[in-house]
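Below: one structure, written as structure tokens.
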Amino acid sequence: MRRTWVRLLIVFSILSIVLFLLPGKVTSFCRTWVLSFTSPLQGMLYYGASGVASLGRFALHPFGQELENQRLRERIARLELELARQEALLAEKERVVQQLSAFRRASPEKTPIIVARSIGFDPAQWRKSRVIDVGSAEGVSPGDLVLAGPAVVGRVKAVGKWASQVQLITDPGFRHWARLARTQHEGLIEGRSTGKLLMKYLPEDSDVEEGDLVLAAGLGEEYPPGLIIGFVSELPQPKGALFREVWVTPAADLGRLSNLLVILGKRS
Amino acid sequence: MRWITICFFIVLLGVIQNSFLRVISVEGIRPDLLLLFALYLGLYGRREDALVGSWLAGLCKDFLTMGHIGVYALLFLLFAVFLSRIREALFREHPLTQMILVFLSVLFLNSIFLIPLSIYFRLKSFPVLLVQAASIAFYSALLAPVCFYSFARLRSVLGIRSQRSV
């Protein structure tokens with residue numbers, strides 16, 4: 001009896017190590033099948049959860065009304081402060097939406113855009129990903145960019161038949177070049193599991209301010225120009241190094257993703 | 001154990017954790033159902049069944065998340081084996097014991113996972129992530145008695161046998 005479980009322990013440990021060492025393509029292939037298998041049930045449960053949440057809010061309404069009023073008053077006060085800052089961001093977003101629409105009208109066959117919905121989260125919580133309800137049946141391929149309006153949400157990593165896994169910009173493995181809209185300085189965006197992004201390799205003397213808009217760079221002609229990644233939120237004190245790092249808050253609300261746009265096209 | 005039923009059950013738990021649990025998530029923090037099931041097997045199942053079942057639960061989590069496959073499978077396996085070795089010394093029927101065990105296991109497992117992740121991706125926010133790990137552990141521990149009771153009700157369906165009943 002003792003030998004049986006020791007043997008099983010050794011076998012499964014070796015199997016785990018072998019799986020860990022598999023090439024990325026094999027791993028993606030396996031995930032493709034898992035996505036295809038689980039996506040129908042995942043979609044049903046996700047929308048079921050929305051229904052349960054709505055029912056819960058309705059049931060608790062009489063008891064939570066006073067609490068809700070207090071919460072709403074606090075929220076109004078915060079939002080009024082936020083409104084002033086968002087007006088500049090809104091003007092920029094409107095400009096990009098117009099560009100996106102013009103781009104879509106100019107090349108509807110060249111780079112199709114499809115609408116997708118988020119139907120699942122990453123169970124690990126350290127890796128930031130979402131499952132969306134479109135896959136290879138709709139023409140999605142690994143590397144396709146995913147947007148929430150004009151804001152970049154992430155990039156497709158694994159594609160099943162009817163669902164795909166999207167690596168969010170806050171995932172530790174996400175890397176992309178970006179530029180500051182105001183000064184045009186370029187840097188590398190890296191995701192952080194804390195929900196913020198780190199923009200690295202900015203020139204040490206770059207004129208960065210809080211609230212500066214960060215746009216995606218180096219995407220290529222097949223993508224609309226000026227896609228928003230976020231805005232600068234923290235400016236750590238420069239330490240005399242060659243390059244500067246700043247913290248960026250994503251423009252998209254990654255906790256409340258619903259309708260997304262997937263740009264089908266070439267990879268950058 | 002009824003392995004085909006167990007496999008479907010594990011996949012179902014994974015999908016529920018992925019999608020339905022957002023109803024009860026607090027600031028993005030959700031309990032870890034797959035780990036709870038692996039720990040349940042470690043506490044109450046036959047040692048061989050706990051080993052294989054927890055490995056499958058970890059593998060399911062590996063497939064549903066990003067990154068390399070095999071990491072959670074190995075970690076779940078080792079935790080289940082550890083629990084199966086010490087369970088005789090515990091009063092495992094008591095909810096407080098279950099909650100403390102789950103809290104420590106989830107915290108320790110996530111900490112172990114975070115260390116290489118932080119090194120590999122050069123994350124400077126390790127303390128913040130550790131606080132998140134503690135929140136996940138606390139939330140999972142709160143739900144542990146309910147989940148363990150539910151798993152116990154499904155023992156006959158899943159074919160989970162205790163160590164003494166062969």
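By convention in this document, the chains of the structure tokens carry letters A, B, ... by their order, each chain's residues are numbered from 1, and ligands are numbered from 1 in the order they are shown.
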Only residues of chain A matter here; which ones have an atom within 6 Å of chain B, counting only C-alpha atoms? Give them as a PDB file with N, CA and C atoms, in the first residue's frame.
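Dumped everything to iface21.pdb:
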```pdb
ATOM      1  N   TRP A   5       1.395   4.367  -3.245  1.00  0.00           N
ATOM      2  CA  TRP A   5       1.242   5.819  -3.307  1.00  0.00           C
ATOM      3  C   TRP A   5       2.578   6.515  -3.513  1.00  0.00           C
ATOM      4  N   SER A  16       4.173  16.026 -14.057  1.00  0.00           N
ATOM      5  CA  SER A  16       3.998  17.480 -13.913  1.00  0.00           C
ATOM      6  C   SER A  16       5.192  18.216 -14.487  1.00  0.00           C
ATOM      7  N   LEU A  19       5.065  18.081 -18.238  1.00  0.00           N
ATOM      8  CA  LEU A  19       4.079  19.027 -18.755  1.00  0.00           C
ATOM      9  C   LEU A  19       4.612  20.458 -18.692  1.00  0.00           C
ATOM     10  N   PHE A  20       5.343  20.764 -17.622  1.00  0.00           N
ATOM     11  CA  PHE A  20       5.899  22.111 -17.457  1.00  0.00           C
ATOM     12  C   PHE A  20       6.888  22.425 -18.575  1.00  0.00           C
ATOM     13  N   ARG A  31      -4.735  24.018 -24.551  1.00  0.00           N
ATOM     14  CA  ARG A  31      -5.673  25.012 -24.017  1.00  0.00           C
ATOM     15  C   ARG A  31      -6.798  25.261 -25.021  1.00  0.00           C
ATOM     16  N   GLN A  42     -19.371  27.482 -19.647  1.00  0.00           N
ATOM     17  CA  GLN A  42     -18.865  28.712 -19.046  1.00  0.00           C
ATOM     18  C   GLN A  42     -19.779  29.885 -19.373  1.00  0.00           C
ATOM     19  N   LEU A  45     -22.990  29.621 -17.316  1.00  0.00           N
ATOM     20  CA  LEU A  45     -22.788  29.959 -15.903  1.00  0.00           C
ATOM     21  C   LEU A  45     -22.540  31.452 -15.730  1.00  0.00           C
ATOM     22  N   TYR A  46     -21.827  32.054 -16.660  1.00  0.00           N
ATOM     23  CA  TYR A  46     -21.513  33.476 -16.546  1.00  0.00           C
ATOM     24  C   TYR A  46     -22.789  34.306 -16.613  1.00  0.00           C
ATOM     25  N   ALA A  49     -24.851  33.806 -13.580  1.00  0.00           N
ATOM     26  CA  ALA A  49     -24.341  34.614 -12.472  1.00  0.00           C
ATOM     27  C   ALA A  49     -24.877  36.035 -12.555  1.00  0.00           C
ATOM     28  N   ALA A  53     -27.038  37.796  -9.615  1.00  0.00           N
ATOM     29  CA  ALA A  53     -26.612  39.075  -9.042  1.00  0.00           C
ATOM     30  C   ALA A  53     -27.746  40.096  -9.113  1.00  0.00           C
ATOM     31  N   GLY A 120     -15.614  34.574 -18.745  1.00  0.00           N
ATOM     32  CA  GLY A 120     -14.882  33.878 -17.696  1.00  0.00           C
ATOM     33  C   GLY A 120     -13.630  34.616 -17.282  1.00  0.00           C
ATOM     34  N   PHE A 121     -13.172  34.296 -16.066  1.00  0.00           N
ATOM     35  CA  PHE A 121     -11.973  34.907 -15.500  1.00  0.00           C
ATOM     36  C   PHE A 121     -10.856  33.882 -15.447  1.00  0.00           C
ATOM     37  N   ASP A 122      -9.692  34.362 -15.083  1.00  0.00           N
ATOM     38  CA  ASP A 122      -8.578  33.464 -14.825  1.00  0.00           C
ATOM     39  C   ASP A 122      -8.723  32.929 -13.402  1.00  0.00           C
ATOM     40  N   PRO A 123      -8.730  31.604 -13.203  1.00  0.00           N
ATOM     41  CA  PRO A 123      -8.930  31.072 -11.845  1.00  0.00           C
ATOM     42  C   PRO A 123      -7.748  31.305 -10.933  1.00  0.00           C
TER      43      PRO A 123
END
```
Task: Per-residue DSSP, chain B, filtered to helix (DSSP H, G or I), as a PyMOL selection string - done: chain B and resi 3-18+20-24+33-44+47-64+71-89+95-121+126-153+155-158
TODO: Mind giving me the straight-line distance from atom CA of B:Gly45 to atom CA of B:Thr5 in Å, one decimal?
DONE: 15.4 Å
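Put simply, atom CA of A:Ala252 is 21.3 Å away from atom CA of A:Ala163.
Atom CA of A:Leu90 sits 19.0 Å away from atom CA of A:Thr183.
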TODO: Return as an NGL selection string the full set of residues in stretch 10-172 of chain A whose backbone-based DSSP assignment is strand (DSSP E).
DONE: :A and (113-121 or 129-132 or 145-148 or 151-159 or 164-168)
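By only C-alpha atoms, and with residues fewer than 4 positions from A:Gly43 along its chain excluded, the set lying at most 7 Å from it is Ser39, Tyr47 and Ile119 of chain A.
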Open item on the list: Can you tell me which residues surround B:Gly159 at a distance of at most 12 Å, considering only C-alpha atoms, apart from same-chain residues fewer than 3 positions away, and format the answer as a list in words?
Closed with: Met1, Arg2, Trp3, Ile4, Thr5, Ile6, Cys7, Phe9, Leu41, Gly45, Arg46, Asp49, Gly53, Phe151, Ala152, Arg153, Leu154, Arg155, Ser156, Ser162, Ser165 and Val166 of chain B
